[in-house]
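Below is one structure, written out as structure tokens; comments come after it.
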Amino acid sequence: MTFLAGNFLFSQGFQVNFQGQKQQGMGGAGNALPLDAASVFFNPGSVSFLKENSVNIGFTPTFANTLFEDANTTSIGRTNSPMGTPFSVYAVYRKNEESKFFYGVGIYTPFGSTIQYEDAWTGRFALTKLQLKSIFIQPTVSYKLNEKIGIGAGFVYTIGNVNLQKDIPVQDADGTYGHAELDGKASGFGYNVGFLVQATEKLNIGLSYRSKVNMEVAEGTATFTVPSSLTANFPSGTFSSALPLPQVATLGLAYKLNDKLAFALDVNYVGWKAYDTLAFDYAQNTTSLIDTKSARNYKNTLAFRFGANYALTEKFDARLGLAYGLTPVQNGYVTPETPDANRFNYTAGLGYKIGDHFQLDASVFFTHLKRTDTNLETNLSGTFTTNVLAPGLAIIYKF
């Protein structure tokens, strides 16, 4: 038999849009509305319009569960994934109010998740566990050209880790299936640029571009647990691969109706088409363990994010948001790693100012998605139903 490596997948289901609590409460919109230091991520050009130096630390525990119903056997498979841990840290600084330069840094996690299925589920030969971690580190400079226009750019260095596990359809004397684990560290480079225009006293227009980051796994570790008679067929060793994290272009609009109420709309164009093939190169090949090239055929997608911020009092802000995202996963390519579908995201948030220097922001996110498909490579056929709940909290210090 030939071993077909599993897939390091990270489509919309693994694209984590939790980069700022204020923006999360507004459906993830924040390109044209500079609310806090999280603008380092959303639009470096808008950073120059911030009023204060600040440090922003946020964390969004994420709880996701997936149910799989097999179309052929009617068996049920469930996930028992651990809590996700996306976080963000931002800091922005300018020398004085007359300075046109704002300097910033962001450390955030725009891609990453863990999905783990219960033991002996029907798709065990496709996946038992996938963990993807990525941390983006982005030093940033923003410059205010005049009272109406700001520009900015950030260099991105990315570090990460990926761990994939699956069972192998070979058994030992007591009926235990073989097991494969692929683990590797990855790194890559990219950039984030943007500008903001205050078209009128009430209307802002923003545009930003986050480049593709090609995460290179130079020397990962492949570990195979198989019956002793098959050890030569599945030699543990090293492998190499590359994981493309897609480019994102965003057009943002923000409209301040009055001193209390502001609206924001972001339209994201995500370049998932770069992820058309996934290849693994093993240091040692056998008739059972060969280098693989698996077609993924992802397509570029759009996402629409809309939200509102309302100042209830001098201390309290309330936020609501709605987002709609199109899946990049085409029919025939749905996998247990990305049981993805077109989706609506529902969000809400609350902000509270503590004196002159501190602020707390909280948000909550919920989405439900359902996808039925038959994978062309593995023939796994059925329906995935997923629910995700993510409450978040951030503290901001202004100085």
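Starting from 1 in every chain, residues are counted up; chains themselves are A, B, ... following the order of the structure tokens, and ligands are numbered from 1 as listed.
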Quick one: everything within 6 Å of Ser363 (chain A), counting only C-alpha atoms, minus sequence neighbours fewer than 5 positions away in the same chain. Send it as a ChimeraX atom specification.
/A:21,25,348-349,391-392
Output C-alpha atoms of each residue in that selection to a file, as a tab-separated table (two decimals), in the first residue's frame.
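Result saved to result_32.tsv:
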```tsv
chain	number	residue	atom	x	y	z
A	21	GLN	CA	-11.26	43.43	20.94
A	25	GLY	CA	-17.09	43.37	18.73
A	348	ALA	CA	-20.94	42.00	20.24
A	349	GLY	CA	-18.68	43.98	22.52
A	391	PRO	CA	-15.32	35.41	24.28
A	392	GLY	CA	-12.43	37.88	24.43
```
Who sits within 12 Å of Thr231 (chain A), only C-alpha atoms, same chain under 3 positions skipped, as a list in words
Val170, Asp172, Gly178, His179, Thr223, Phe224, Thr225, Val226, Pro227, Ser228, Phe234, Pro235, Ser236, Gly237, Thr286, Ser288 and Leu289 of chain A
Just the selected residues (C-alpha atoms), exported as an mmCIF file, in the first residue's frame, please.
```
data_model
loop_
_atom_site.group_PDB
_atom_site.id
_atom_site.type_symbol
_atom_site.label_atom_id
_atom_site.label_comp_id
_atom_site.auth_asym_id
_atom_site.auth_seq_id
_atom_site.Cartn_x
_atom_site.Cartn_y
_atom_site.Cartn_z
ATOM 1 C CA VAL A 170 -2.092 -1.429 8.910
ATOM 2 C CA ASP A 172 -0.534 -5.419 14.535
ATOM 3 C CA GLY A 178 -0.484 2.140 12.870
ATOM 4 C CA HIS A 179 -0.055 5.843 13.556
ATOM 5 C CA THR A 223 7.381 9.501 13.258
ATOM 6 C CA PHE A 224 5.637 6.246 12.289
ATOM 7 C CA THR A 225 4.361 3.679 14.784
ATOM 8 C CA VAL A 226 3.700 0.431 12.895
ATOM 9 C CA PRO A 227 4.071 -3.346 13.422
ATOM 10 C CA SER A 228 7.726 -4.374 13.571
ATOM 11 C CA PHE A 234 7.606 3.337 7.176
ATOM 12 C CA PRO A 235 10.988 4.663 8.325
ATOM 13 C CA SER A 236 10.829 7.581 10.761
ATOM 14 C CA GLY A 237 12.927 10.523 9.623
ATOM 15 C CA THR A 286 10.053 3.460 0.231
ATOM 16 C CA SER A 288 4.912 2.642 0.972
ATOM 17 C CA LEU A 289 6.254 6.102 1.860
#
```
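Within the 8 Å cut-off around Val47 (chain A), using only C-alpha atoms and omitting residues fewer than 4 positions from it on the same chain, the listed residues are Pro34, Ala37, Ser39, Val40, Asn43, Val92, Phe102, Ser142, Gly150 and Gly152 of chain A.
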So which residues touch region 316-321 of chain A within 6 Å, counting only C-alpha atoms, skipping near sequence neighbours fewer than 4 positions away, as a list in words?
Gly25, Met26, Gly27, Phe306, Gly307, Ala308, Asn309, Tyr310, Ala311, Leu312, Thr347, Ala348, Gly349, Leu350, Gly351 and Tyr352 of chain A
Produce a table with one row for each residue of region 233-315 of chain A that has an atom at most 10 Å from any atom of region 332-336 of chain A, each row naming the nearest atom pair and its distance in Å at one decimal; use only C-alpha atoms; arrange rows by chain and rising residue number; format as a Markdown table.
```
| residue | atom | partner | partner_atom | distance |
| --- | --- | --- | --- | --- |
| A:Ala295 | CA | A:Tyr333 | CA | 8.5 |
| A:Arg296 | CA | A:Tyr333 | CA | 6.4 |
| A:Asn297 | CA | A:Tyr333 | CA | 7.8 |
| A:Tyr298 | CA | A:Tyr333 | CA | 8.4 |
```
Expected file contents, prior selection, C-alpha atoms, as a tab-separated table (two decimals), in the first residue's frame:
```
chain	number	residue	atom	x	y	z
A	295	ALA	CA	-4.27	18.99	-5.23
A	296	ARG	CA	-6.13	21.49	-3.04
A	297	ASN	CA	-7.49	23.87	-5.69
A	298	TYR	CA	-8.48	26.59	-3.25
```
Would you please extract all strand (DSSP E or B) residues from region 22-215 of chain A, as assigned by DSSP on the backbone, and give them as an MDAnalysis selection string?
chainID A and resid 54:59 62:70 76:79 84 87:93 101:108 111:117 129:144 149:171 177:198 203:210 213:215
Go ahead and write the residues just picked, C-alpha atoms, as a short mmCIF file (atom, residue, chain, number, x, y, z; two decimals), in the first residue's frame.
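Everything below was put into again34.cif:
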```cif
data_model
loop_
_atom_site.label_atom_id
_atom_site.label_comp_id
_atom_site.auth_asym_id
_atom_site.auth_seq_id
_atom_site.Cartn_x
_atom_site.Cartn_y
_atom_site.Cartn_z
CA SER A 54 -0.73 53.04 24.28
CA VAL A 55 -0.13 49.36 24.97
CA ASN A 56 -2.90 46.88 24.17
CA ILE A 57 -2.94 43.25 25.37
CA GLY A 58 -5.78 40.93 24.34
CA PHE A 59 -6.75 37.27 24.59
CA THR A 62 -11.92 29.89 21.49
CA PHE A 63 -14.21 26.89 21.92
CA ALA A 64 -15.05 24.90 18.79
CA ASN A 65 -16.77 21.56 18.31
CA THR A 66 -17.44 19.60 15.12
CA LEU A 67 -19.84 16.71 14.52
CA PHE A 68 -19.33 14.44 11.48
CA GLU A 69 -22.13 12.21 10.12
CA ASP A 70 -20.83 9.57 7.69
CA ILE A 76 -20.94 9.71 14.12
CA GLY A 77 -17.57 11.29 14.83
CA ARG A 78 -16.92 14.19 17.20
CA THR A 79 -14.03 16.46 18.05
CA GLY A 84 -7.88 27.80 21.23
CA PHE A 87 -3.74 36.56 21.49
CA SER A 88 -2.51 40.00 20.47
CA VAL A 89 -0.07 42.56 21.87
CA TYR A 90 0.27 46.04 20.37
CA ALA A 91 2.19 49.17 21.31
CA VAL A 92 2.23 52.57 19.57
CA TYR A 93 4.32 55.63 20.35
CA PHE A 101 5.55 59.87 12.87
CA PHE A 102 3.96 57.11 14.92
CA TYR A 103 5.95 53.95 15.67
CA GLY A 104 4.35 50.67 16.59
CA VAL A 105 4.78 46.96 16.99
CA GLY A 106 2.30 44.11 16.87
CA ILE A 107 2.55 40.50 17.98
CA TYR A 108 -0.53 38.55 16.95
CA PHE A 111 -3.58 31.79 11.62
CA GLY A 112 -3.70 28.83 13.94
CA SER A 113 -5.97 26.29 15.54
CA THR A 114 -6.12 22.77 16.93
CA ILE A 115 -8.68 20.24 15.78
CA GLN A 116 -8.65 16.83 17.42
CA TYR A 117 -11.09 13.97 16.84
CA LYS A 129 -5.27 15.71 15.15
CA LEU A 130 -3.99 18.88 13.50
CA GLN A 131 -2.36 21.73 15.39
CA LEU A 132 -1.20 24.84 13.59
CA LYS A 133 0.45 27.74 15.42
CA SER A 134 1.69 30.96 13.85
CA ILE A 135 2.90 34.14 15.54
CA PHE A 136 3.36 37.32 13.49
CA ILE A 137 5.81 39.95 14.73
CA GLN A 138 5.30 43.31 12.99
CA PRO A 139 7.36 46.46 13.65
CA THR A 140 5.54 49.38 12.01
CA VAL A 141 6.01 53.02 11.00
CA SER A 142 3.09 55.33 10.25
CA TYR A 143 3.34 58.87 8.84
CA LYS A 144 0.70 61.58 8.68
CA ILE A 149 -3.97 61.41 4.80
CA GLY A 150 -1.89 58.87 6.69
CA ILE A 151 0.33 56.10 5.34
CA GLY A 152 2.10 53.23 7.06
CA ALA A 153 4.04 50.03 6.57
CA GLY A 154 5.15 47.10 8.68
CA PHE A 155 7.65 44.30 8.20
CA VAL A 156 6.33 40.87 9.22
CA TYR A 157 8.39 38.00 10.58
CA THR A 158 6.45 34.83 11.25
CA ILE A 159 7.33 31.83 13.38
CA GLY A 160 5.18 28.77 13.82
CA ASN A 161 4.74 25.07 14.37
CA VAL A 162 2.57 22.41 12.80
CA ASN A 163 1.71 18.96 14.12
CA LEU A 164 -0.41 16.50 12.15
CA GLN A 165 -1.44 13.03 13.26
CA LYS A 166 -3.45 10.26 11.61
CA ASP A 167 -3.86 6.51 11.77
CA ILE A 168 -2.41 4.21 9.09
CA PRO A 169 -4.53 1.29 7.80
CA VAL A 170 -2.09 -1.43 8.91
CA GLN A 171 -2.67 -3.52 12.06
CA TYR A 177 -3.75 0.44 13.73
CA GLY A 178 -0.48 2.14 12.87
CA HIS A 179 -0.05 5.84 13.56
CA ALA A 180 1.77 8.72 11.85
CA GLU A 181 2.87 12.03 13.35
CA LEU A 182 4.38 14.89 11.34
CA ASP A 183 5.84 17.73 13.38
CA GLY A 184 7.83 20.73 12.21
CA LYS A 185 8.80 24.32 12.91
CA ALA A 186 8.26 26.93 10.23
CA SER A 187 9.14 30.55 9.55
CA GLY A 188 8.49 33.17 6.88
CA PHE A 189 8.53 36.87 5.97
CA GLY A 190 6.01 39.37 4.68
CA TYR A 191 4.73 42.92 5.03
CA ASN A 192 1.64 44.96 5.85
CA VAL A 193 0.99 48.35 4.21
CA GLY A 194 -1.92 50.76 4.18
CA PHE A 195 -3.24 54.29 3.99
CA LEU A 196 -6.18 56.21 5.41
CA VAL A 197 -7.97 59.21 3.93
CA GLN A 198 -10.36 61.42 5.88
CA LEU A 203 -16.24 59.68 6.23
CA ASN A 204 -12.95 57.76 6.30
CA ILE A 205 -11.66 55.55 3.49
CA GLY A 206 -8.91 53.01 4.13
CA LEU A 207 -7.00 50.52 2.07
CA SER A 208 -4.50 47.94 3.30
CA TYR A 209 -2.58 44.98 1.92
CA ARG A 210 -1.08 42.11 3.91
CA VAL A 213 3.75 34.59 3.88
CA ASN A 214 5.31 31.34 2.70
CA MET A 215 5.96 29.27 5.81
#
```
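Proximity of A:Thr386, A:Thr122, A:Gln23, A:Asn146 to Phe49 (chain A), computed with only C-alpha atoms, is greatest for A:Asn146.
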Select, from A:Lys51, A:Ser75, A:Ser240, A:Asp340, the residue with the minimum atom-to-atom distance to Arg94 (chain A), counting only C-alpha atoms.
A:Lys51
Looking only at the backbone, which of the residues in region 205-346 of chain A does DSSP tag as helix (DSSP H, G or I), as a list in words?
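Selection result, helix (DSSP H, G or I) within region 205-346 of chain A: Ser228, Ser229, Leu230, Trp272, Lys273 and Ala274 of chain A.
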Closest of A:Asn285, A:Phe125, A:Leu33, A:Asp266 to Lys202 (chain A), counting only C-alpha atoms, is A:Leu33
Separation of CA of Thr74 (chain A) and CA of Trp121 (chain A), in Å?
11.9 Å
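CA of Asp276 (chain A) lies 19.1 Å from CA of Asn379 (chain A).
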